[in-house]
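Chemist: Please find upload.cif (mmCIF, C-alpha atoms) on the next line:
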```cif
data_model
loop_
_atom_site.label_atom_id
_atom_site.label_comp_id
_atom_site.auth_asym_id
_atom_site.auth_seq_id
_atom_site.Cartn_x
_atom_site.Cartn_y
_atom_site.Cartn_z
CA MET A 1 10.62 -5.34 -1.59
CA ALA A 2 9.58 -3.57 -4.78
CA HIS A 3 7.80 -0.23 -4.54
CA LEU A 4 4.05 -0.84 -5.03
CA VAL A 5 2.35 1.39 -7.60
CA ALA A 6 -1.46 1.12 -7.50
CA VAL A 7 -3.33 2.34 -10.57
CA LEU A 8 -6.98 3.19 -9.96
CA ALA A 9 -9.12 2.37 -13.00
CA LEU A 10 -12.50 4.10 -13.07
CA GLU A 11 -15.44 3.53 -15.35
CA GLY A 12 -14.59 4.79 -18.84
CA ALA A 13 -10.83 4.51 -18.26
CA ILE A 14 -8.83 5.83 -21.20
CA ALA A 15 -6.79 2.83 -22.27
CA PHE A 16 -3.58 4.61 -23.21
CA GLU A 17 -3.26 6.57 -19.98
CA LEU A 18 -4.26 3.52 -17.94
CA GLY A 19 -1.37 1.51 -19.39
CA ILE A 20 1.37 4.12 -18.97
CA PRO A 21 2.34 3.29 -15.34
CA ALA A 22 2.68 -0.43 -16.04
CA ARG A 23 4.70 0.23 -19.17
CA ILE A 24 7.13 2.69 -17.57
CA PHE A 25 7.42 1.50 -13.97
CA GLY A 26 7.16 -2.13 -15.04
CA ASN A 27 10.31 -1.76 -17.17
CA ALA A 28 12.45 -0.30 -14.38
CA LYS A 29 14.99 -2.83 -13.11
CA ASP A 30 18.09 -2.73 -10.96
CA GLY A 31 21.56 -3.81 -12.06
CA ALA A 32 20.73 -7.46 -11.44
CA GLY A 33 17.57 -7.27 -13.54
CA ARG A 34 15.19 -7.29 -10.57
CA PRO A 35 12.00 -5.20 -10.87
CA LEU A 36 12.13 -1.98 -8.90
CA TYR A 37 8.36 -1.52 -8.92
CA GLU A 38 5.32 -3.73 -8.63
CA VAL A 39 2.43 -2.27 -10.61
CA ALA A 40 -1.13 -3.40 -9.88
CA THR A 41 -4.50 -2.11 -11.08
CA CYS A 42 -7.61 -1.82 -8.97
CA THR A 43 -11.18 -0.58 -9.30
CA LEU A 44 -13.61 0.88 -6.80
CA ASP A 45 -15.31 -2.48 -6.20
CA GLY A 46 -12.84 -5.00 -7.62
CA GLY A 47 -15.09 -5.64 -10.59
CA PRO A 48 -14.51 -5.00 -14.30
CA VAL A 49 -14.89 -1.53 -15.80
CA ALA A 50 -15.54 -0.31 -19.32
CA THR A 51 -12.79 1.61 -21.05
CA SER A 52 -13.10 4.49 -23.48
CA ALA A 53 -12.38 1.96 -26.25
CA ASP A 54 -14.48 -1.01 -27.33
CA PHE A 55 -13.39 -3.36 -24.54
CA ARG A 56 -13.69 -3.85 -20.80
CA ILE A 57 -10.93 -4.68 -18.34
CA ALA A 58 -11.01 -7.13 -15.45
CA VAL A 59 -8.72 -6.52 -12.49
CA ASP A 60 -7.48 -8.61 -9.58
CA HIS A 61 -7.85 -5.95 -6.89
CA GLY A 62 -10.43 -3.77 -5.24
CA PRO A 63 -9.88 -0.53 -3.28
CA GLU A 64 -8.08 -2.41 -0.50
CA LEU A 65 -4.99 -2.30 -2.72
CA LEU A 66 -4.76 1.44 -2.03
CA GLU A 67 -4.05 0.73 1.64
CA ARG A 68 -0.74 -0.98 0.76
CA ALA A 69 0.39 1.27 -2.08
CA ASP A 70 3.54 3.36 -1.97
CA THR A 71 2.36 5.34 -5.00
CA VAL A 72 -1.21 5.77 -6.28
CA VAL A 73 -1.84 6.83 -9.88
CA LEU A 74 -5.13 8.30 -11.12
CA PRO A 75 -5.22 8.15 -14.93
CA ALA A 76 -7.79 9.99 -17.03
CA SER A 77 -11.19 8.44 -17.56
CA HIS A 78 -14.67 9.49 -18.56
CA ASP A 79 -15.36 9.76 -14.85
CA SER A 80 -12.69 12.45 -14.64
CA ASP A 81 -13.45 14.01 -18.02
CA PRO A 82 -14.25 17.70 -17.58
CA ASP A 83 -17.36 17.21 -19.73
CA THR A 84 -18.77 15.26 -16.78
CA ALA A 85 -16.97 17.26 -14.11
CA ASP A 86 -20.19 17.96 -12.22
CA ALA A 87 -20.44 14.41 -10.89
CA PRO A 88 -17.21 12.42 -11.11
CA PHE A 89 -16.33 12.57 -7.42
CA THR A 90 -18.68 9.95 -6.08
CA PRO A 91 -18.98 8.79 -2.46
CA GLU A 92 -17.40 5.49 -3.56
CA LEU A 93 -14.37 7.30 -4.94
CA ALA A 94 -14.08 9.47 -1.84
CA ALA A 95 -14.18 6.34 0.34
CA ALA A 96 -11.49 4.69 -1.79
CA LEU A 97 -9.18 7.68 -1.53
CA ARG A 98 -9.58 7.72 2.25
CA ARG A 99 -7.96 4.28 2.30
CA ILE A 100 -4.65 5.75 1.12
CA ARG A 101 -2.06 5.98 3.87
CA PRO A 102 -0.67 9.41 4.82
CA GLY A 103 2.58 10.07 2.99
CA THR A 104 1.69 7.92 0.00
CA ARG A 105 2.82 9.50 -3.26
CA LEU A 106 -0.09 10.58 -5.47
CA MET A 107 0.10 11.04 -9.23
CA SER A 108 -2.46 12.04 -11.84
CA ILE A 109 -2.31 11.71 -15.60
CA CYS A 110 -4.21 14.15 -17.80
CA THR A 111 -7.64 15.01 -16.34
CA GLY A 112 -7.06 12.70 -13.39
CA SER A 113 -5.96 15.94 -11.69
CA PHE A 114 -9.65 16.93 -11.53
CA LEU A 115 -10.19 14.08 -9.07
CA LEU A 116 -7.28 15.09 -6.84
CA ALA A 117 -8.54 18.67 -6.89
CA ALA A 118 -12.12 17.61 -6.11
CA ALA A 119 -10.78 15.75 -3.08
CA GLY A 120 -9.14 18.96 -1.88
CA LEU A 121 -5.69 17.41 -2.15
CA LEU A 122 -4.34 20.09 -4.50
CA ASP A 123 -5.46 23.17 -2.57
CA GLY A 124 -2.54 25.59 -2.29
CA ARG A 125 -0.31 23.30 -4.35
CA PRO A 126 1.00 23.47 -7.93
CA ALA A 127 -0.75 21.30 -10.50
CA THR A 128 -1.45 21.00 -14.18
CA THR A 129 -3.88 19.21 -16.47
CA HIS A 130 -4.56 18.85 -20.18
CA TRP A 131 -4.17 22.28 -21.78
CA ARG A 132 -7.63 22.05 -23.34
CA TYR A 133 -9.27 22.07 -19.91
CA THR A 134 -7.09 24.48 -17.95
CA GLU A 135 -9.62 27.33 -18.00
CA LEU A 136 -12.35 25.05 -16.65
CA PHE A 137 -9.95 23.68 -14.04
CA ALA A 138 -9.01 27.18 -12.89
CA ARG A 139 -12.65 28.22 -12.56
CA THR A 140 -13.65 25.03 -10.77
CA PHE A 141 -10.70 24.84 -8.36
CA PRO A 142 -9.49 28.39 -7.68
CA LYS A 143 -7.46 27.29 -4.64
CA VAL A 144 -5.12 25.18 -6.79
CA LEU A 145 -1.93 26.83 -8.06
CA LEU A 146 -2.56 25.84 -11.66
CA ASP A 147 0.32 26.00 -14.13
CA PRO A 148 -1.51 25.62 -17.45
CA ASP A 149 1.45 25.20 -19.80
CA VAL A 150 3.86 22.70 -18.27
CA LEU A 151 4.12 19.00 -19.04
CA TYR A 152 4.04 18.03 -15.38
CA THR A 153 4.42 19.35 -11.85
CA ASP A 154 6.30 17.81 -8.94
CA ASP A 155 5.38 18.96 -5.45
CA GLY A 156 7.07 16.13 -3.62
CA ASP A 157 4.30 13.74 -2.63
CA ILE A 158 1.79 14.97 -5.24
CA LEU A 159 2.60 15.07 -8.95
CA THR A 160 0.33 15.92 -11.88
CA SER A 161 0.78 15.78 -15.64
CA GLY A 162 -0.79 17.19 -18.77
CA GLY A 163 -2.47 15.11 -21.42
CA VAL A 164 -1.56 11.74 -22.87
CA ALA A 165 2.20 11.54 -23.56
CA ALA A 166 2.97 13.90 -20.68
CA GLY A 167 2.03 10.98 -18.45
CA VAL A 168 5.00 9.10 -19.91
CA ASP A 169 7.23 12.07 -19.10
CA LEU A 170 5.91 12.19 -15.54
CA CYS A 171 6.47 8.49 -14.90
CA LEU A 172 9.99 8.68 -16.32
CA HIS A 173 10.62 11.69 -14.10
CA VAL A 174 9.56 9.68 -11.06
CA VAL A 175 11.81 6.76 -12.04
CA ARG A 176 14.68 9.22 -12.44
CA ARG A 177 13.88 10.80 -9.08
CA ASP A 178 13.72 7.41 -7.36
CA HIS A 179 16.64 5.62 -9.02
CA GLY A 180 18.68 8.06 -11.12
CA SER A 181 19.08 8.77 -14.81
CA ALA A 182 20.73 5.47 -15.76
CA VAL A 183 17.61 3.47 -14.83
CA ALA A 184 15.24 6.05 -16.35
CA ASN A 185 17.21 6.21 -19.58
CA ALA A 186 17.20 2.41 -19.85
CA VAL A 187 13.41 2.42 -19.48
CA ALA A 188 13.08 5.13 -22.11
CA ARG A 189 15.29 3.25 -24.56
CA ASN A 190 13.28 0.08 -24.06
CA CYS A 191 10.02 1.96 -24.66
CA LEU A 192 11.45 3.97 -27.59
CA VAL A 193 10.58 7.35 -26.07
CA PRO A 194 12.73 10.41 -25.31
CA PRO A 195 14.53 9.87 -21.99
CA TRP A 196 13.72 13.31 -20.67
CA ARG A 197 11.52 16.27 -21.38
CA ASP A 198 11.73 19.10 -18.88
CA GLY A 199 8.53 19.41 -16.84
CA GLY A 200 8.54 23.13 -17.56
CA GLN A 201 8.41 22.53 -21.30
CA LYS A 202 5.23 23.78 -22.97
CA GLN A 203 2.57 21.13 -23.48
CA TYR A 204 2.19 22.07 -27.13
CA VAL A 205 5.78 21.19 -28.09
CA GLU A 206 6.14 17.84 -29.79
CA ALA A 207 8.36 15.24 -28.18
CA PRO A 208 11.93 15.19 -29.53
CA SER A 209 12.47 12.31 -31.91
CA PRO A 210 14.88 9.52 -30.93
CA VAL A 211 18.18 9.98 -32.75
CA SER A 212 18.85 7.63 -35.62
CA THR A 213 21.82 7.76 -37.94
CA GLY A 214 19.91 6.32 -40.88
CA GLY A 215 17.93 8.00 -43.63
CA SER A 216 17.98 11.54 -44.89
CA GLY A 217 17.11 14.69 -42.98
CA THR A 218 18.85 15.81 -39.81
CA ALA A 219 19.14 12.52 -37.92
CA ALA A 220 22.79 11.94 -38.79
CA VAL A 221 23.69 15.48 -37.77
CA ARG A 222 21.89 15.06 -34.47
CA ALA A 223 23.77 11.83 -33.80
CA TRP A 224 27.03 13.62 -34.61
CA ALA A 225 26.12 16.58 -32.40
CA LEU A 226 25.59 14.28 -29.43
CA GLU A 227 29.22 13.22 -29.77
CA HIS A 228 30.41 16.83 -29.92
CA LEU A 229 28.31 18.61 -27.32
CA ASP A 230 31.46 19.99 -25.68
CA GLU A 231 32.29 21.92 -28.87
CA PRO A 232 30.73 25.09 -30.30
CA LEU A 233 27.76 24.05 -32.42
CA PRO A 234 26.59 27.11 -34.33
CA LEU A 235 23.69 26.71 -36.71
CA ARG A 236 25.87 27.23 -39.79
CA ARG A 237 28.19 24.38 -38.77
CA LEU A 238 25.26 21.99 -38.37
CA ALA A 239 23.64 23.04 -41.63
CA ASP A 240 26.90 22.64 -43.55
CA ARG A 241 27.36 19.17 -42.12
CA ALA A 242 23.86 18.26 -43.32
CA GLY A 243 24.57 19.75 -46.76
CA MET A 244 21.63 22.16 -46.44
CA SER A 245 21.07 25.87 -46.29
CA VAL A 246 20.50 27.28 -42.82
CA ARG A 247 16.84 27.94 -43.63
CA THR A 248 16.20 24.43 -44.96
CA PHE A 249 18.09 22.78 -42.12
CA THR A 250 16.17 24.76 -39.49
CA ARG A 251 12.84 23.88 -41.08
CA ARG A 252 13.67 20.18 -41.42
CA PHE A 253 15.07 20.04 -37.90
CA ARG A 254 11.90 21.48 -36.40
CA GLU A 255 9.72 19.15 -38.47
CA GLU A 256 11.66 16.12 -37.22
CA THR A 257 12.13 17.06 -33.55
CA GLY A 258 9.49 19.64 -32.68
CA ALA A 259 12.22 22.03 -31.51
CA SER A 260 14.70 24.47 -33.00
CA PRO A 261 18.35 23.35 -33.27
CA GLY A 262 19.30 25.67 -30.42
CA GLN A 263 16.56 24.38 -28.15
CA TRP A 264 17.42 20.78 -28.93
CA ILE A 265 21.13 21.26 -28.27
CA THR A 266 20.47 23.02 -24.97
CA THR A 267 18.20 20.14 -23.91
CA GLN A 268 20.86 17.56 -24.84
CA ARG A 269 23.57 19.52 -23.00
CA THR A 270 21.37 19.74 -19.93
CA GLU A 271 20.79 15.98 -20.06
CA ARG A 272 24.55 15.39 -20.43
CA ALA A 273 25.23 17.64 -17.44
CA ARG A 274 22.65 15.78 -15.36
CA GLN A 275 24.26 12.45 -16.19
CA LEU A 276 27.72 13.73 -15.30
CA LEU A 277 26.47 15.18 -12.02
CA GLU A 278 24.81 11.90 -11.12
CA ARG A 279 27.47 9.44 -12.24
CA THR A 280 30.84 11.18 -11.82
CA ASP A 281 32.87 13.13 -9.29
CA LEU A 282 33.84 15.79 -11.82
CA THR A 283 33.90 19.35 -10.53
CA ILE A 284 31.12 21.70 -11.60
CA ASP A 285 33.58 23.47 -13.92
CA GLN A 286 34.51 20.16 -15.56
CA VAL A 287 30.85 19.17 -15.94
CA ALA A 288 30.13 22.54 -17.54
CA ARG A 289 32.94 22.12 -20.07
CA ARG A 290 32.15 18.51 -20.96
CA SER A 291 28.45 19.20 -21.42
CA GLY A 292 29.11 22.21 -23.64
CA PHE A 293 28.02 25.01 -21.32
CA GLY A 294 31.58 26.27 -21.03
CA THR A 295 31.49 27.78 -17.56
CA ALA A 296 30.07 26.86 -14.21
CA ALA A 297 28.07 30.10 -14.23
CA SER A 298 26.39 29.13 -17.50
CA LEU A 299 25.60 25.64 -16.21
CA ARG A 300 24.09 27.06 -13.03
CA LEU A 301 21.96 29.43 -15.09
CA GLN A 302 20.62 26.60 -17.25
CA LEU A 303 19.83 24.26 -14.37
CA ARG A 304 18.20 27.08 -12.42
CA GLY A 305 16.09 28.02 -15.42
CA ARG A 306 15.06 24.49 -16.38
CA LEU A 307 15.02 22.59 -13.09
CA ASP A 308 15.03 25.36 -10.48
CA VAL A 309 18.00 23.75 -8.76
CA ALA A 310 21.73 24.42 -8.49
CA PRO A 311 24.24 21.82 -9.78
CA ASN A 312 25.52 20.88 -6.32
CA ALA A 313 21.99 20.51 -4.97
CA TYR A 314 21.03 18.35 -7.96
CA ARG A 315 24.07 16.13 -7.38
CA ARG A 316 23.29 15.70 -3.69
CA THR A 317 19.71 14.72 -4.50
CA PHE A 318 20.40 12.16 -7.19
CA ARG A 319 23.63 10.70 -5.87
CA THR A 320 21.56 9.41 -2.94
CA ALA A 321 19.48 7.28 -5.30
CA PRO A 322 20.43 3.60 -5.67
CA ALA A 323 22.96 2.91 -8.39
#
```
Would you kindly transcribe this structure into structure tokens?
Modeler:
Amino acid sequence: MAHLVAVLALEGAIAFELGIPARIFGNAKDGAGRPLYEVATCTLDGGPVATSADFRIAVDHGPELLERADTVVLPASHDSDPDTADAPFTPELAAALRRIRPGTRLMSICTGSFLLAAAGLLDGRPATTHWRYTELFARTFPKVLLDPDVLYTDDGDILTSGGVAAGVDLCLHVVRRDHGSAVANAVARNCLVPPWRDGGQKQYVEAPSPVSTGGSGTAAVRAWALEHLDEPLPLRRLADRAGMSVRTFTRRFREETGASPGQWITTQRTERARQLLERTDLTIDQVARRSGFGTAASLRLQLRGRLDVAPNAYRRTFRTAPA
């Protein structure tokens, strides 16, 4: 049976955030093309709600859906907007959240974290929210271990994300955690979004652009670099291949990807290492060489710094996910 993801739509739901779970989880399929998740939307009374745009949405479910859910997602809405933070946590919402079974995974997108915090579910736990409202969040919920900069946090059964596109990153992270990188990467390709942005990445950094070999700029060099990650890739070599000066190449690269060449290459090498750890039986030394980190010590340092996990521990975690 597919994993049930229940999305709770409140009055004033922000349309983009509301649609992220269905778009990401709804595209996740197993090797036979069967859906891995069932995504359903509910409201507090089963009736329609207004969105932040110029339309209303009608749903097929009321709060009883939360009783069956394996994962519950709280997207941002006007009800959870910090501008109205004095009165978003209504008795009706509290009653709906009490329907959720113990052990159900909880996720928030953007200011949806205000609702989890108001319910006391984030006390003593790491969380994040949209960077614009982190100071208000910290003042309002001092018991929460707020990390104001990261794209998302993962504390096992409770996950939170920053604003807007960070919700995409969080949902892809959950798909990867549940089913491995092959499924998550397939979803990302289908949705034309980057397959992975580290949760510890600053919220202000733009999402890396998908690599294309067409057009001018640095796209062709990035495509080439992906095929040569196991080789030294100094800045001068990349700039020469693009036919640009180092200064021009660096500027164009940052404009197109939101990252410096060095940051981008390290991210791609980390992603390559993750794939090799998940999909192959290569030794840690071999993974380090093929992903471009050179030595096992360097690979361990990168995974510790970015994911707070050692290579062997990462492999044990994700090799248990379904193929």
Chemist: Restricting the calculation to all atoms listed in the file: of A:Arg176, A:Arg241, A:Arg269, A:His130, which residue gets closest to Gly162 (chain A)?
Modeler: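 Closest to Gly162 (chain A), using all atoms listed in the file: A:His130.
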Chemist: Within 8 Å of Asn27 (chain A), counting only C-alpha atoms, which residues show up once you throw out same-chain ones fewer than 4 positions away? Write them as a list of chain:residue names, please.
Modeler: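 My reading of the contact set: A:Ala22, A:Arg23, A:Pro35, A:Val187, A:Asn190.
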Chemist: Closest to Trp224 (chain A) among A:Leu170, A:Leu74, A:Ile265, A:Ala28, using only C-alpha atoms?
Modeler: A:Ile265
Chemist: Convert the output of the PyMOL selection byres ((chain A and resi 118-121) around 8) on the shown file into explicit residues, formatted as an NGL selection string.
Modeler: :A and (89 or 94 or 114-117 or 122-123 or 141)
Chemist: For the structure shown, which residues end up in the PyMOL selection byres ((chain A and resi 277) around 12)? Put them as a short mmCIF file (atom, residue, chain, number, x, y, z; two decimals) with C-alpha atoms, keeping the file's coordinate frame, please?
Modeler:
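Saved result, out_23.cif, follows:
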```cif
data_model
loop_
_atom_site.label_atom_id
_atom_site.label_comp_id
_atom_site.auth_asym_id
_atom_site.auth_seq_id
_atom_site.Cartn_x
_atom_site.Cartn_y
_atom_site.Cartn_z
CA GLY A 180 18.68 8.06 -11.12
CA SER A 181 19.08 8.77 -14.81
CA ALA A 182 20.73 5.47 -15.76
CA THR A 270 21.37 19.74 -19.93
CA GLU A 271 20.79 15.98 -20.06
CA ARG A 272 24.55 15.39 -20.43
CA ALA A 273 25.23 17.64 -17.44
CA ARG A 274 22.65 15.78 -15.36
CA GLN A 275 24.26 12.45 -16.19
CA LEU A 276 27.72 13.73 -15.30
CA GLU A 278 24.81 11.90 -11.12
CA ARG A 279 27.47 9.44 -12.24
CA THR A 280 30.84 11.18 -11.82
CA ASP A 281 32.87 13.13 -9.29
CA LEU A 282 33.84 15.79 -11.82
CA THR A 283 33.90 19.35 -10.53
CA ILE A 284 31.12 21.70 -11.60
CA ASP A 285 33.58 23.47 -13.92
CA GLN A 286 34.51 20.16 -15.56
CA VAL A 287 30.85 19.17 -15.94
CA ALA A 288 30.13 22.54 -17.54
CA ARG A 290 32.15 18.51 -20.96
CA SER A 291 28.45 19.20 -21.42
CA LEU A 299 25.60 25.64 -16.21
CA LEU A 303 19.83 24.26 -14.37
CA ALA A 310 21.73 24.42 -8.49
CA PRO A 311 24.24 21.82 -9.78
CA ASN A 312 25.52 20.88 -6.32
CA ALA A 313 21.99 20.51 -4.97
CA TYR A 314 21.03 18.35 -7.96
CA ARG A 315 24.07 16.13 -7.38
CA ARG A 316 23.29 15.70 -3.69
CA THR A 317 19.71 14.72 -4.50
CA PHE A 318 20.40 12.16 -7.19
CA ARG A 319 23.63 10.70 -5.87
CA THR A 320 21.56 9.41 -2.94
#
```
Chemist: Step by step, work through what the PyMOL selection byres ((chain A and resi 66) around 10) selects in the shown file, and finish by giving those residues as a PDB file with C-alpha atoms, in the coordinates of the input.
Modeler:
```pdb
ATOM      1  CA  LEU A   4       4.050  -0.840  -5.030  1.00  0.00           C
ATOM      2  CA  VAL A   5       2.350   1.390  -7.600  1.00  0.00           C
ATOM      3  CA  ALA A   6      -1.460   1.120  -7.500  1.00  0.00           C
ATOM      4  CA  VAL A   7      -3.330   2.340 -10.570  1.00  0.00           C
ATOM      5  CA  LEU A   8      -6.980   3.190  -9.960  1.00  0.00           C
ATOM      6  CA  ALA A  40      -1.130  -3.400  -9.880  1.00  0.00           C
ATOM      7  CA  THR A  41      -4.500  -2.110 -11.080  1.00  0.00           C
ATOM      8  CA  CYS A  42      -7.610  -1.820  -8.970  1.00  0.00           C
ATOM      9  CA  THR A  43     -11.180  -0.580  -9.300  1.00  0.00           C
ATOM     10  CA  HIS A  61      -7.850  -5.950  -6.890  1.00  0.00           C
ATOM     11  CA  GLY A  62     -10.430  -3.770  -5.240  1.00  0.00           C
ATOM     12  CA  PRO A  63      -9.880  -0.530  -3.280  1.00  0.00           C
ATOM     13  CA  GLU A  64      -8.080  -2.410  -0.500  1.00  0.00           C
ATOM     14  CA  LEU A  65      -4.990  -2.300  -2.720  1.00  0.00           C
ATOM     15  CA  GLU A  67      -4.050   0.730   1.640  1.00  0.00           C
ATOM     16  CA  ARG A  68      -0.740  -0.980   0.760  1.00  0.00           C
ATOM     17  CA  ALA A  69       0.390   1.270  -2.080  1.00  0.00           C
ATOM     18  CA  ASP A  70       3.540   3.360  -1.970  1.00  0.00           C
ATOM     19  CA  THR A  71       2.360   5.340  -5.000  1.00  0.00           C
ATOM     20  CA  VAL A  72      -1.210   5.770  -6.280  1.00  0.00           C
ATOM     21  CA  VAL A  73      -1.840   6.830  -9.880  1.00  0.00           C
ATOM     22  CA  ALA A  96     -11.490   4.690  -1.790  1.00  0.00           C
ATOM     23  CA  LEU A  97      -9.180   7.680  -1.530  1.00  0.00           C
ATOM     24  CA  ARG A  98      -9.580   7.720   2.250  1.00  0.00           C
ATOM     25  CA  ARG A  99      -7.960   4.280   2.300  1.00  0.00           C
ATOM     26  CA  ILE A 100      -4.650   5.750   1.120  1.00  0.00           C
ATOM     27  CA  ARG A 101      -2.060   5.980   3.870  1.00  0.00           C
ATOM     28  CA  THR A 104       1.690   7.920   0.000  1.00  0.00           C
TER      29      THR A 104
END
```
Chemist: Extending 4 Å beyond the listed atoms of region 264-275 of chain A on each side, what axis-aligned box results? I want centre and edge lengths in Å to one decimal, as JSON.
Modeler:
```
{"center_x": 21.3, "center_y": 17.7, "center_z": -22.1, "size_x": 15.8, "size_y": 18.6, "size_z": 21.6}
```
Chemist: What does the distance from CA of Tyr152 (chain A) to CA of Arg132 (chain A) come to in Å, to one decimal?
Modeler: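 Calculated distance between CA of Tyr152 (chain A) and CA of Arg132 (chain A) is 14.7 Å.
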Chemist: With 9 Å as the threshold, what does the neighbourhood of (-7.8, -10.2, -12.8) contain in terms of residues, counting all atoms listed in the file? Coordinates are those of the file; answer as a ChimeraX atom specification.
Modeler: /A:41,46-48,57-61
Chemist: Atoms to include: C-alpha atoms. Write the selected residues as a PDB file, keeping the file's coordinate frame.
Modeler:
```
ATOM      1  CA  THR A  41      -4.500  -2.110 -11.080  1.00  0.00           C
ATOM      2  CA  GLY A  46     -12.840  -5.000  -7.620  1.00  0.00           C
ATOM      3  CA  GLY A  47     -15.090  -5.640 -10.590  1.00  0.00           C
ATOM      4  CA  PRO A  48     -14.510  -5.000 -14.300  1.00  0.00           C
ATOM      5  CA  ILE A  57     -10.930  -4.680 -18.340  1.00  0.00           C
ATOM      6  CA  ALA A  58     -11.010  -7.130 -15.450  1.00  0.00           C
ATOM      7  CA  VAL A  59      -8.720  -6.520 -12.490  1.00  0.00           C
ATOM      8  CA  ASP A  60      -7.480  -8.610  -9.580  1.00  0.00           C
ATOM      9  CA  HIS A  61      -7.850  -5.950  -6.890  1.00  0.00           C
TER      10      HIS A  61
END
```
Chemist: Find the residue from A:Pro148, A:Gly167, A:Gly262, A:Pro102 that sits nearest to Glu17 (chain A); use only C-alpha atoms when measuring.
Modeler: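 Nearest to Glu17 (chain A): A:Gly167.
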Chemist: Would you work out the distance separating CA of Gly156 (chain A) from CA of Leu18 (chain A), expressed in Å to one decimal?
Modeler: 22.2 Å
Chemist: So, with all atoms listed in the file as the atoms that count, which of A:Arg34, A:Arg306, A:Arg222, A:Arg139 lies closest to Trp264 (chain A)?
Modeler: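 Checking each of A:Arg34, A:Arg306, A:Arg222, A:Arg139 against Trp264 (chain A), counting all atoms listed in the file, the winner is A:Arg222.
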Chemist: Which value, in Å to one decimal, gives the distance between CA of Val183 (chain A) and CA of Ile24 (chain A)?
Modeler: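 Answer for the CA of Val183 (chain A) to CA of Ile24 (chain A) separation: 10.9 Å.
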Chemist: Please identify all polymer residues within 7 Å of Leu145 (chain A), counting all atoms listed in the file, omitting same-chain residues fewer than 3 positions from it, and present them as a PyMOL selection string.
Modeler: chain A and resi 124-127
Chemist: List as a PyMOL selection string the residues having at least one atom at most 12 Å from position (19.7, 21.0, -40.3) as given in the file, counting only C-alpha atoms.
Modeler: chain A and resi 216-225+233-257+259-262+264
Chemist: Of the residues A:Val144, A:His3, A:Ser161, A:Ser108, which is the one nearest to Thr128 (chain A), using all atoms listed in the file?
Modeler: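 Nearest candidate to Thr128 (chain A) out of A:Val144, A:His3, A:Ser161, A:Ser108: A:Ser161.
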Chemist: Determine the nearest neighbour of Ala76 (chain A) from the options A:Gly12, A:Pro91, A:Lys29, A:Phe137, counting only C-alpha atoms.
Modeler: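 Closest to Ala76 (chain A), using only C-alpha atoms: A:Gly12.
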Chemist: Show which residues sit within 12 Å of Gly163 (chain A), as a PyMOL selection string. Count only C-alpha atoms, and ignore same-chain residues fewer than 2 positions away.
Modeler: chain A and resi 14+16-17+20+75-77+81+108-113+128-134+148-152+160-161+165-170+202-204
Chemist: For the selection you just gave me, I'd like the residues written to a file as a JSON list (two decimals), keeping the file's coordinate frame, keeping C-alpha atoms.
Modeler:
```
[["chain", "number", "residue", "atom", "x", "y", "z"],
["A", 14, "ILE", "CA", -8.83, 5.83, -21.20],
["A", 16, "PHE", "CA", -3.58, 4.61, -23.21],
["A", 17, "GLU", "CA", -3.26, 6.57, -19.98],
["A", 20, "ILE", "CA", 1.37, 4.12, -18.97],
["A", 75, "PRO", "CA", -5.22, 8.15, -14.93],
["A", 76, "ALA", "CA", -7.79, 9.99, -17.03],
["A", 77, "SER", "CA", -11.19, 8.44, -17.56],
["A", 81, "ASP", "CA", -13.45, 14.01, -18.02],
["A", 108, "SER", "CA", -2.46, 12.04, -11.84],
["A", 109, "ILE", "CA", -2.31, 11.71, -15.60],
["A", 110, "CYS", "CA", -4.21, 14.15, -17.80],
["A", 111, "THR", "CA", -7.64, 15.01, -16.34],
["A", 112, "GLY", "CA", -7.06, 12.70, -13.39],
["A", 113, "SER", "CA", -5.96, 15.94, -11.69],
["A", 128, "THR", "CA", -1.45, 21.00, -14.18],
["A", 129, "THR", "CA", -3.88, 19.21, -16.47],
["A", 130, "HIS", "CA", -4.56, 18.85, -20.18],
["A", 131, "TRP", "CA", -4.17, 22.28, -21.78],
["A", 132, "ARG", "CA", -7.63, 22.05, -23.34],
["A", 133, "TYR", "CA", -9.27, 22.07, -19.91],
["A", 134, "THR", "CA", -7.09, 24.48, -17.95],
["A", 148, "PRO", "CA", -1.51, 25.62, -17.45],
["A", 149, "ASP", "CA", 1.45, 25.20, -19.80],
["A", 150, "VAL", "CA", 3.86, 22.70, -18.27],
["A", 151, "LEU", "CA", 4.12, 19.00, -19.04],
["A", 152, "TYR", "CA", 4.04, 18.03, -15.38],
["A", 160, "THR", "CA", 0.33, 15.92, -11.88],
["A", 161, "SER", "CA", 0.78, 15.78, -15.64],
["A", 165, "ALA", "CA", 2.20, 11.54, -23.56],
["A", 166, "ALA", "CA", 2.97, 13.90, -20.68],
["A", 167, "GLY", "CA", 2.03, 10.98, -18.45],
["A", 168, "VAL", "CA", 5.00, 9.10, -19.91],
["A", 169, "ASP", "CA", 7.23, 12.07, -19.10],
["A", 170, "LEU", "CA", 5.91, 12.19, -15.54],
["A", 202, "LYS", "CA", 5.23, 23.78, -22.97],
["A", 203, "GLN", "CA", 2.57, 21.13, -23.48],
["A", 204, "TYR", "CA", 2.19, 22.07, -27.13]]
```
Chemist: Find the residues around Glu11 (chain A) up to 7 Å (only C-alpha atoms counted), leave out those fewer than 5 positions away in its own chain, and share them as an NGL selection string.
Modeler: :A and (49-51 or 77-79)
